[in-house]
>>> print(open('final_33.cif').read())   # mmCIF, N, CA, C and O atoms
data_input
loop_
_atom_site.group_PDB
_atom_site.id
_atom_site.type_symbol
_atom_site.label_atom_id
_atom_site.label_comp_id
_atom_site.auth_asym_id
_atom_site.auth_seq_id
_atom_site.Cartn_x
_atom_site.Cartn_y
_atom_site.Cartn_z
ATOM 1 N N MET S 1 10.855 -21.852 32.959
ATOM 2 C CA MET S 1 10.685 -23.273 32.805
ATOM 3 C C MET S 1 10.527 -23.591 31.319
ATOM 4 O O MET S 1 9.784 -22.934 30.608
ATOM 5 N N ARG S 2 11.216 -24.622 30.889
ATOM 6 C CA ARG S 2 11.085 -25.122 29.520
ATOM 7 C C ARG S 2 10.031 -26.229 29.550
ATOM 8 O O ARG S 2 10.060 -27.084 30.428
ATOM 9 N N LEU S 3 9.137 -26.229 28.589
ATOM 10 C CA LEU S 3 7.996 -27.127 28.625
ATOM 11 C C LEU S 3 7.774 -27.796 27.276
ATOM 12 O O LEU S 3 8.002 -27.186 26.232
ATOM 13 N N CYS S 4 7.314 -29.038 27.320
ATOM 14 C CA CYS S 4 6.881 -29.763 26.125
ATOM 15 C C CYS S 4 5.470 -30.268 26.365
ATOM 16 O O CYS S 4 5.187 -30.877 27.392
ATOM 17 N N LEU S 5 4.602 -30.013 25.410
ATOM 18 C CA LEU S 5 3.221 -30.493 25.475
ATOM 19 C C LEU S 5 3.142 -31.831 24.756
ATOM 20 O O LEU S 5 3.493 -31.927 23.577
ATOM 21 N N ASP S 6 2.701 -32.858 25.444
ATOM 22 C CA ASP S 6 2.580 -34.187 24.855
ATOM 23 C C ASP S 6 1.558 -34.163 23.715
ATOM 24 O O ASP S 6 0.835 -33.190 23.518
ATOM 25 N N GLU S 7 1.477 -35.249 23.007
ATOM 26 C CA GLU S 7 0.660 -35.329 21.791
ATOM 27 C C GLU S 7 -0.821 -35.069 22.017
ATOM 28 O O GLU S 7 -1.554 -34.826 21.074
ATOM 29 N N HIS S 8 -1.273 -35.096 23.261
ATOM 30 C CA HIS S 8 -2.687 -34.850 23.566
ATOM 31 C C HIS S 8 -3.060 -33.378 23.409
ATOM 32 O O HIS S 8 -4.237 -33.040 23.366
ATOM 33 N N TYR S 9 -2.055 -32.530 23.363
ATOM 34 C CA TYR S 9 -2.294 -31.088 23.357
ATOM 35 C C TYR S 9 -2.074 -30.481 21.972
ATOM 36 O O TYR S 9 -1.195 -30.894 21.224
ATOM 37 N N SER S 10 -2.823 -29.466 21.698
ATOM 38 C CA SER S 10 -2.788 -28.773 20.411
ATOM 39 C C SER S 10 -1.525 -27.924 20.258
ATOM 40 O O SER S 10 -1.046 -27.317 21.226
ATOM 41 N N VAL S 11 -1.042 -27.860 19.043
ATOM 42 C CA VAL S 11 0.074 -26.975 18.716
ATOM 43 C C VAL S 11 -0.311 -25.526 19.034
ATOM 44 O O VAL S 11 0.521 -24.723 19.450
ATOM 45 N N ARG S 12 -1.565 -25.214 18.866
ATOM 46 C CA ARG S 12 -2.051 -23.851 19.113
ATOM 47 C C ARG S 12 -1.758 -23.404 20.543
ATOM 48 O O ARG S 12 -1.423 -22.249 20.788
ATOM 49 N N ILE S 13 -1.843 -24.320 21.492
ATOM 50 C CA ILE S 13 -1.533 -23.975 22.886
ATOM 51 C C ILE S 13 -0.064 -23.573 23.004
ATOM 52 O O ILE S 13 0.265 -22.569 23.639
ATOM 53 N N ALA S 14 0.813 -24.340 22.383
ATOM 54 C CA ALA S 14 2.247 -24.010 22.405
ATOM 55 C C ALA S 14 2.494 -22.656 21.755
ATOM 56 O O ALA S 14 3.276 -21.847 22.263
ATOM 57 N N GLU S 15 1.830 -22.407 20.641
ATOM 58 C CA GLU S 15 1.992 -21.125 19.949
ATOM 59 C C GLU S 15 1.555 -19.961 20.833
ATOM 60 O O GLU S 15 2.232 -18.924 20.900
ATOM 61 N N GLU S 16 0.424 -20.130 21.491
ATOM 62 C CA GLU S 16 -0.092 -19.071 22.372
ATOM 63 C C GLU S 16 0.879 -18.812 23.528
ATOM 64 O O GLU S 16 1.142 -17.660 23.873
ATOM 65 N N LEU S 17 1.395 -19.872 24.121
ATOM 66 C CA LEU S 17 2.337 -19.706 25.227
ATOM 67 C C LEU S 17 3.645 -19.064 24.766
ATOM 68 O O LEU S 17 4.200 -18.214 25.459
ATOM 69 N N ARG S 18 4.127 -19.460 23.592
ATOM 70 C CA ARG S 18 5.329 -18.811 23.047
ATOM 71 C C ARG S 18 5.078 -17.324 22.809
ATOM 72 O O ARG S 18 5.957 -16.501 23.033
ATOM 73 N N GLY S 19 3.875 -16.994 22.359
ATOM 74 C CA GLY S 19 3.521 -15.603 22.145
ATOM 75 C C GLY S 19 3.529 -14.783 23.425
ATOM 76 O O GLY S 19 3.615 -13.561 23.404
ATOM 77 N N ARG S 20 3.467 -15.482 24.545
ATOM 78 C CA ARG S 20 3.520 -14.823 25.858
ATOM 79 C C ARG S 20 4.905 -14.951 26.485
ATOM 80 O O ARG S 20 5.074 -14.754 27.686
ATOM 81 N N GLY S 21 5.871 -15.333 25.658
ATOM 82 C CA GLY S 21 7.251 -15.362 26.119
ATOM 83 C C GLY S 21 7.710 -16.654 26.771
ATOM 84 O O GLY S 21 8.789 -16.695 27.348
ATOM 85 N N ARG S 22 6.927 -17.701 26.676
ATOM 86 C CA ARG S 22 7.296 -18.977 27.295
ATOM 87 C C ARG S 22 8.061 -19.860 26.317
ATOM 88 O O ARG S 22 7.825 -19.829 25.112
ATOM 89 N N ASP S 23 8.943 -20.682 26.838
ATOM 90 C CA ASP S 23 9.731 -21.621 26.036
ATOM 91 C C ASP S 23 8.973 -22.948 25.994
ATOM 92 O O ASP S 23 9.136 -23.798 26.868
ATOM 93 N N VAL S 24 8.103 -23.080 25.006
ATOM 94 C CA VAL S 24 7.208 -24.237 24.914
ATOM 95 C C VAL S 24 7.260 -24.829 23.512
ATOM 96 O O VAL S 24 7.250 -24.090 22.522
ATOM 97 N N VAL S 25 7.299 -26.157 23.456
ATOM 98 C CA VAL S 25 7.165 -26.879 22.194
ATOM 99 C C VAL S 25 6.060 -27.907 22.366
ATOM 100 O O VAL S 25 5.725 -28.297 23.476
ATOM 101 N N ALA S 26 5.511 -28.334 21.248
ATOM 102 C CA ALA S 26 4.505 -29.392 21.257
ATOM 103 C C ALA S 26 5.042 -30.576 20.468
ATOM 104 O O ALA S 26 5.697 -30.395 19.439
ATOM 105 N N VAL S 27 4.772 -31.761 20.964
ATOM 106 C CA VAL S 27 5.220 -32.971 20.263
ATOM 107 C C VAL S 27 4.760 -32.935 18.813
ATOM 108 O O VAL S 27 5.528 -33.239 17.899
ATOM 109 N N LYS S 28 3.523 -32.527 18.575
ATOM 110 C CA LYS S 28 2.946 -32.547 17.228
ATOM 111 C C LYS S 28 3.647 -31.630 16.229
ATOM 112 O O LYS S 28 3.504 -31.807 15.036
ATOM 113 N N GLU S 29 4.398 -30.652 16.722
ATOM 114 C CA GLU S 29 5.050 -29.729 15.796
ATOM 115 C C GLU S 29 6.514 -30.070 15.552
ATOM 116 O O GLU S 29 7.177 -29.397 14.766
ATOM 117 N N ARG S 30 6.995 -31.092 16.190
ATOM 118 C CA ARG S 30 8.391 -31.495 15.998
ATOM 119 C C ARG S 30 8.448 -32.906 15.446
ATOM 120 O O ARG S 30 8.160 -33.869 16.155
ATOM 121 N N SER S 31 8.844 -33.022 14.211
ATOM 122 C CA SER S 31 8.865 -34.341 13.562
ATOM 123 C C SER S 31 9.789 -35.325 14.269
ATOM 124 O O SER S 31 9.561 -36.533 14.216
ATOM 125 N N ASP S 32 10.808 -34.822 14.967
ATOM 126 C CA ASP S 32 11.712 -35.712 15.687
ATOM 127 C C ASP S 32 11.080 -36.311 16.942
ATOM 128 O O ASP S 32 11.602 -37.274 17.497
ATOM 129 N N LEU S 33 9.944 -35.766 17.371
ATOM 130 C CA LEU S 33 9.273 -36.276 18.568
ATOM 131 C C LEU S 33 8.052 -37.131 18.257
ATOM 132 O O LEU S 33 7.651 -37.960 19.074
ATOM 133 N N VAL S 34 7.473 -36.924 17.095
ATOM 134 C CA VAL S 34 6.265 -37.662 16.722
ATOM 135 C C VAL S 34 6.584 -39.145 16.636
ATOM 136 O O VAL S 34 7.604 -39.547 16.086
ATOM 137 N N ALA S 35 5.741 -39.950 17.209
ATOM 138 C CA ALA S 35 5.817 -41.419 17.172
ATOM 139 C C ALA S 35 6.925 -42.012 18.040
ATOM 140 O O ALA S 35 7.191 -43.211 17.947
ATOM 141 N N LEU S 36 7.551 -41.204 18.909
ATOM 142 C CA LEU S 36 8.501 -41.787 19.846
ATOM 143 C C LEU S 36 7.740 -42.563 20.912
ATOM 144 O O LEU S 36 6.609 -42.214 21.268
ATOM 145 N N SER S 37 8.361 -43.577 21.448
ATOM 146 C CA SER S 37 7.764 -44.272 22.587
ATOM 147 C C SER S 37 7.811 -43.338 23.790
ATOM 148 O O SER S 37 8.552 -42.330 23.799
ATOM 149 N N ASP S 38 7.051 -43.655 24.826
ATOM 150 C CA ASP S 38 7.058 -42.819 26.026
ATOM 151 C C ASP S 38 8.466 -42.733 26.608
ATOM 152 O O ASP S 38 8.912 -41.662 27.009
ATOM 153 N N GLY S 39 9.168 -43.855 26.642
ATOM 154 C CA GLY S 39 10.525 -43.867 27.179
ATOM 155 C C GLY S 39 11.486 -43.015 26.367
ATOM 156 O O GLY S 39 12.328 -42.305 26.924
ATOM 157 N N GLN S 40 11.346 -43.063 25.065
ATOM 158 C CA GLN S 40 12.200 -42.237 24.208
ATOM 159 C C GLN S 40 11.888 -40.757 24.389
ATOM 160 O O GLN S 40 12.798 -39.930 24.476
ATOM 161 N N LEU S 41 10.602 -40.426 24.437
ATOM 162 C CA LEU S 41 10.208 -39.031 24.637
ATOM 163 C C LEU S 41 10.715 -38.527 25.984
ATOM 164 O O LEU S 41 11.248 -37.423 26.077
ATOM 165 N N TRP S 42 10.583 -39.337 27.004
ATOM 166 C CA TRP S 42 11.066 -38.969 28.337
ATOM 167 C C TRP S 42 12.569 -38.672 28.300
ATOM 168 O O TRP S 42 13.027 -37.671 28.853
ATOM 169 N N ALA S 43 13.322 -39.521 27.630
ATOM 170 C CA ALA S 43 14.779 -39.334 27.540
ATOM 171 C C ALA S 43 15.131 -38.037 26.808
ATOM 172 O O ALA S 43 16.035 -37.305 27.227
ATOM 173 N N VAL S 44 14.421 -37.745 25.730
ATOM 174 C CA VAL S 44 14.686 -36.511 24.985
ATOM 175 C C VAL S 44 14.357 -35.298 25.852
ATOM 176 O O VAL S 44 15.119 -34.326 25.890
ATOM 177 N N MET S 45 13.254 -35.349 26.578
ATOM 178 C CA MET S 45 12.877 -34.221 27.425
ATOM 179 C C MET S 45 13.876 -34.037 28.561
ATOM 180 O O MET S 45 14.191 -32.904 28.937
ATOM 181 N N GLN S 46 14.404 -35.126 29.087
ATOM 182 C CA GLN S 46 15.446 -35.009 30.107
ATOM 183 C C GLN S 46 16.676 -34.315 29.515
ATOM 184 O O GLN S 46 17.240 -33.418 30.131
ATOM 185 N N ALA S 47 17.067 -34.735 28.329
ATOM 186 C CA ALA S 47 18.242 -34.152 27.675
ATOM 187 C C ALA S 47 18.037 -32.671 27.374
ATOM 188 O O ALA S 47 18.971 -31.870 27.481
ATOM 189 N N GLU S 48 16.824 -32.295 27.013
ATOM 190 C CA GLU S 48 16.517 -30.897 26.695
ATOM 191 C C GLU S 48 16.175 -30.076 27.930
ATOM 192 O O GLU S 48 15.956 -28.878 27.836
ATOM 193 N N ARG S 49 16.100 -30.747 29.072
ATOM 194 C CA ARG S 49 15.744 -30.082 30.336
ATOM 195 C C ARG S 49 14.371 -29.428 30.240
ATOM 196 O O ARG S 49 14.158 -28.301 30.644
ATOM 197 N N ARG S 50 13.416 -30.171 29.662
ATOM 198 C CA ARG S 50 12.040 -29.699 29.530
ATOM 199 C C ARG S 50 11.118 -30.518 30.423
ATOM 200 O O ARG S 50 11.235 -31.735 30.489
ATOM 201 N N ALA S 51 10.202 -29.838 31.078
ATOM 202 C CA ALA S 51 9.119 -30.517 31.774
ATOM 203 C C ALA S 51 8.143 -31.018 30.713
ATOM 204 O O ALA S 51 7.967 -30.386 29.674
ATOM 205 N N LEU S 52 7.533 -32.135 30.974
ATOM 206 C CA LEU S 52 6.597 -32.731 30.024
ATOM 207 C C LEU S 52 5.190 -32.660 30.596
ATOM 208 O O LEU S 52 4.921 -33.213 31.667
ATOM 209 N N LEU S 53 4.314 -31.968 29.890
ATOM 210 C CA LEU S 53 2.909 -31.900 30.276
ATOM 211 C C LEU S 53 2.178 -32.994 29.519
ATOM 212 O O LEU S 53 2.184 -33.016 28.289
ATOM 213 N N THR S 54 1.575 -33.920 30.261
ATOM 214 C CA THR S 54 0.907 -35.054 29.641
ATOM 215 C C THR S 54 -0.321 -35.456 30.440
ATOM 216 O O THR S 54 -0.413 -35.167 31.633
ATOM 217 N N GLU S 55 -1.234 -36.124 29.772
ATOM 218 C CA GLU S 55 -2.378 -36.725 30.447
ATOM 219 C C GLU S 55 -2.122 -38.213 30.667
ATOM 220 O O GLU S 55 -2.941 -38.910 31.241
ATOM 221 N N ASN S 56 -0.985 -38.676 30.219
ATOM 222 C CA ASN S 56 -0.628 -40.089 30.239
ATOM 223 C C ASN S 56 0.178 -40.416 31.501
ATOM 224 O O ASN S 56 1.281 -40.952 31.421
ATOM 225 N N VAL S 57 -0.362 -40.094 32.641
ATOM 226 C CA VAL S 57 0.339 -40.259 33.906
ATOM 227 C C VAL S 57 0.677 -41.723 34.167
ATOM 228 O O VAL S 57 1.767 -42.042 34.649
ATOM 229 N N GLY S 58 -0.220 -42.614 33.825
ATOM 230 C CA GLY S 58 -0.009 -44.031 34.087
ATOM 231 C C GLY S 58 1.237 -44.596 33.425
ATOM 232 O O GLY S 58 1.904 -45.473 33.978
ATOM 233 N N ASP S 59 1.584 -44.085 32.257
ATOM 234 C CA ASP S 59 2.774 -44.569 31.562
ATOM 235 C C ASP S 59 4.031 -43.798 31.946
ATOM 236 O O ASP S 59 5.131 -44.353 31.930
ATOM 237 N N PHE S 60 3.889 -42.526 32.283
ATOM 238 C CA PHE S 60 5.071 -41.720 32.563
ATOM 239 C C PHE S 60 5.545 -41.794 34.013
ATOM 240 O O PHE S 60 6.738 -41.649 34.280
ATOM 241 N N MET S 61 4.655 -42.028 34.967
ATOM 242 C CA MET S 61 5.092 -42.083 36.365
ATOM 243 C C MET S 61 6.116 -43.186 36.621
ATOM 244 O O MET S 61 7.081 -42.947 37.360
ATOM 245 N N PRO S 62 5.984 -44.364 36.027
ATOM 246 C CA PRO S 62 7.058 -45.356 36.222
ATOM 247 C C PRO S 62 8.404 -44.855 35.693
ATOM 248 O O PRO S 62 9.449 -45.139 36.287
ATOM 249 N N LEU S 63 8.389 -44.097 34.605
ATOM 250 C CA LEU S 63 9.630 -43.536 34.067
ATOM 251 C C LEU S 63 10.208 -42.493 35.022
ATOM 252 O O LEU S 63 11.428 -42.427 35.223
ATOM 253 N N VAL S 64 9.337 -41.692 35.610
ATOM 254 C CA VAL S 64 9.769 -40.691 36.587
ATOM 255 C C VAL S 64 10.405 -41.391 37.789
ATOM 256 O O VAL S 64 11.491 -41.026 38.242
ATOM 257 N N ARG S 65 9.727 -42.415 38.294
ATOM 258 C CA ARG S 65 10.253 -43.149 39.455
ATOM 259 C C ARG S 65 11.577 -43.831 39.132
ATOM 260 O O ARG S 65 12.497 -43.830 39.948
ATOM 261 N N GLN S 66 11.661 -44.410 37.962
ATOM 262 C CA GLN S 66 12.890 -45.083 37.543
ATOM 263 C C GLN S 66 14.042 -44.083 37.458
ATOM 264 O O GLN S 66 15.154 -44.371 37.906
ATOM 265 N N SER S 67 13.792 -42.937 36.901
ATOM 266 C CA SER S 67 14.812 -41.896 36.819
ATOM 267 C C SER S 67 15.271 -41.469 38.209
ATOM 268 O O SER S 67 16.472 -41.332 38.467
ATOM 269 N N ALA S 68 14.308 -41.252 39.096
ATOM 270 C CA ALA S 68 14.641 -40.823 40.458
ATOM 271 C C ALA S 68 15.443 -41.899 41.181
ATOM 272 O O ALA S 68 16.373 -41.590 41.934
ATOM 273 N N ALA S 69 15.121 -43.159 40.947
ATOM 274 C CA ALA S 69 15.800 -44.261 41.634
ATOM 275 C C ALA S 69 17.281 -44.348 41.275
ATOM 276 O O ALA S 69 18.088 -44.802 42.089
ATOM 277 N N VAL S 70 17.634 -43.890 40.084
ATOM 278 C CA VAL S 70 19.043 -43.926 39.670
ATOM 279 C C VAL S 70 19.704 -42.553 39.786
ATOM 280 O O VAL S 70 20.787 -42.322 39.264
ATOM 281 N N GLY S 71 19.016 -41.631 40.478
ATOM 282 C CA GLY S 71 19.600 -40.322 40.742
ATOM 283 C C GLY S 71 19.500 -39.316 39.620
ATOM 284 O O GLY S 71 20.171 -38.291 39.663
ATOM 285 N N GLU S 72 18.680 -39.590 38.626
ATOM 286 C CA GLU S 72 18.482 -38.623 37.550
ATOM 287 C C GLU S 72 17.378 -37.666 37.953
ATOM 288 O O GLU S 72 16.351 -38.090 38.452
ATOM 289 N N ASP S 73 17.607 -36.398 37.718
ATOM 290 C CA ASP S 73 16.550 -35.434 38.001
ATOM 291 C C ASP S 73 15.911 -34.968 36.704
ATOM 292 O O ASP S 73 16.431 -35.185 35.624
ATOM 293 N N HIS S 74 14.771 -34.385 36.871
ATOM 294 C CA HIS S 74 14.062 -33.859 35.718
ATOM 295 C C HIS S 74 13.162 -32.744 36.172
ATOM 296 O O HIS S 74 12.535 -32.832 37.192
#
>>> encode(input="final_33.cif", output="structure tokens")
Amino acid sequence: MRLCLDEHYSVRIAEELRGRGRDVVAVKERSDLVALSDGQLWAVMQAERRALLTENVGDFMPLVRQSAAVGEDH
């Protein structure tokens, strides 16, 4: 599984997981992801085929539902 840690999570967590062989990035370590809106971040993660770990469920669940409604998977 490819994973992205939302801005709430430390880069150190991503580093530790990569050290264990996982394909993980953190928003905070990628300048192209910092300051994106939730919708933009969601679109990038869909394009990269990465699951997004976030504590911001209230903002991301509508995006998940919207994607599912138009037949997009993630």
>>> resolve_selection(input="final_33.cif", expression="the PyMOL selection byres (((chain S and resi 53-60 and name CA) around 6) and name CA)", output="PyMOL selection string")
chain S and resi 5-6+52+61-63
>>> atom_distance(input="final_33.cif", atom1="atom N of Val64 in chain S", atom2="atom O of Leu41 in chain S")
10.6 Å
>>> residues_around(input="final_33.cif", residues="Lys28 in chain S", least_positions_apart="2", cutoff="6 Å", atoms="only C-alpha atoms", output="PyMOL selection string")
chain S and resi 7+26+30
>>> closest_residue(input="final_33.cif", among="S:Cys4, S:Val44, S:Ala69, S:Ile13", to="Val27 in chain S", atoms="only N, CA, C and O atoms")
S:Cys4
>>> closest_residue(input="final_33.cif", among="S:Ser37, S:Ser67, S:Ser10, S:Gln46", to="Val25 in chain S", atoms="all atoms listed in the file")
S:Ser10
>>> select_by_dssp(input="final_33.cif", residues="range 21-51 of chain S", states="helix (DSSP H, G or I)", output="number ranges by chain")
S: 27-29, 38-48
>>> atom_distance(input="final_33.cif", atom1="atom C of Leu3 in chain S", atom2="atom O of Met45 in chain S")
8.4 Å
>>> atom_distance(input="final_33.cif", atom1="atom N of Arg18 in chain S", atom2="atom O of Met1 in chain S")
9.7 Å
>>> select_by_dssp(input="final_33.cif", residues="chain S", states="strand (DSSP E or B)", output="list in words")
Arg2, Leu3, Cys4, Leu5, Asp23, Val24, Val25, Ala26, Ala51, Leu52 and Leu53 of chain S
>>> axis_aligned_box(input="final_33.cif", around="range 16-27 of chain S", padding_each_side="6 Å", output="lines of an AutoDock Vina configuration file")
center_x = 4.8
center_y = -23.4
center_z = 22.8
size_x = 21.8
size_y = 31.7
size_z = 21.8
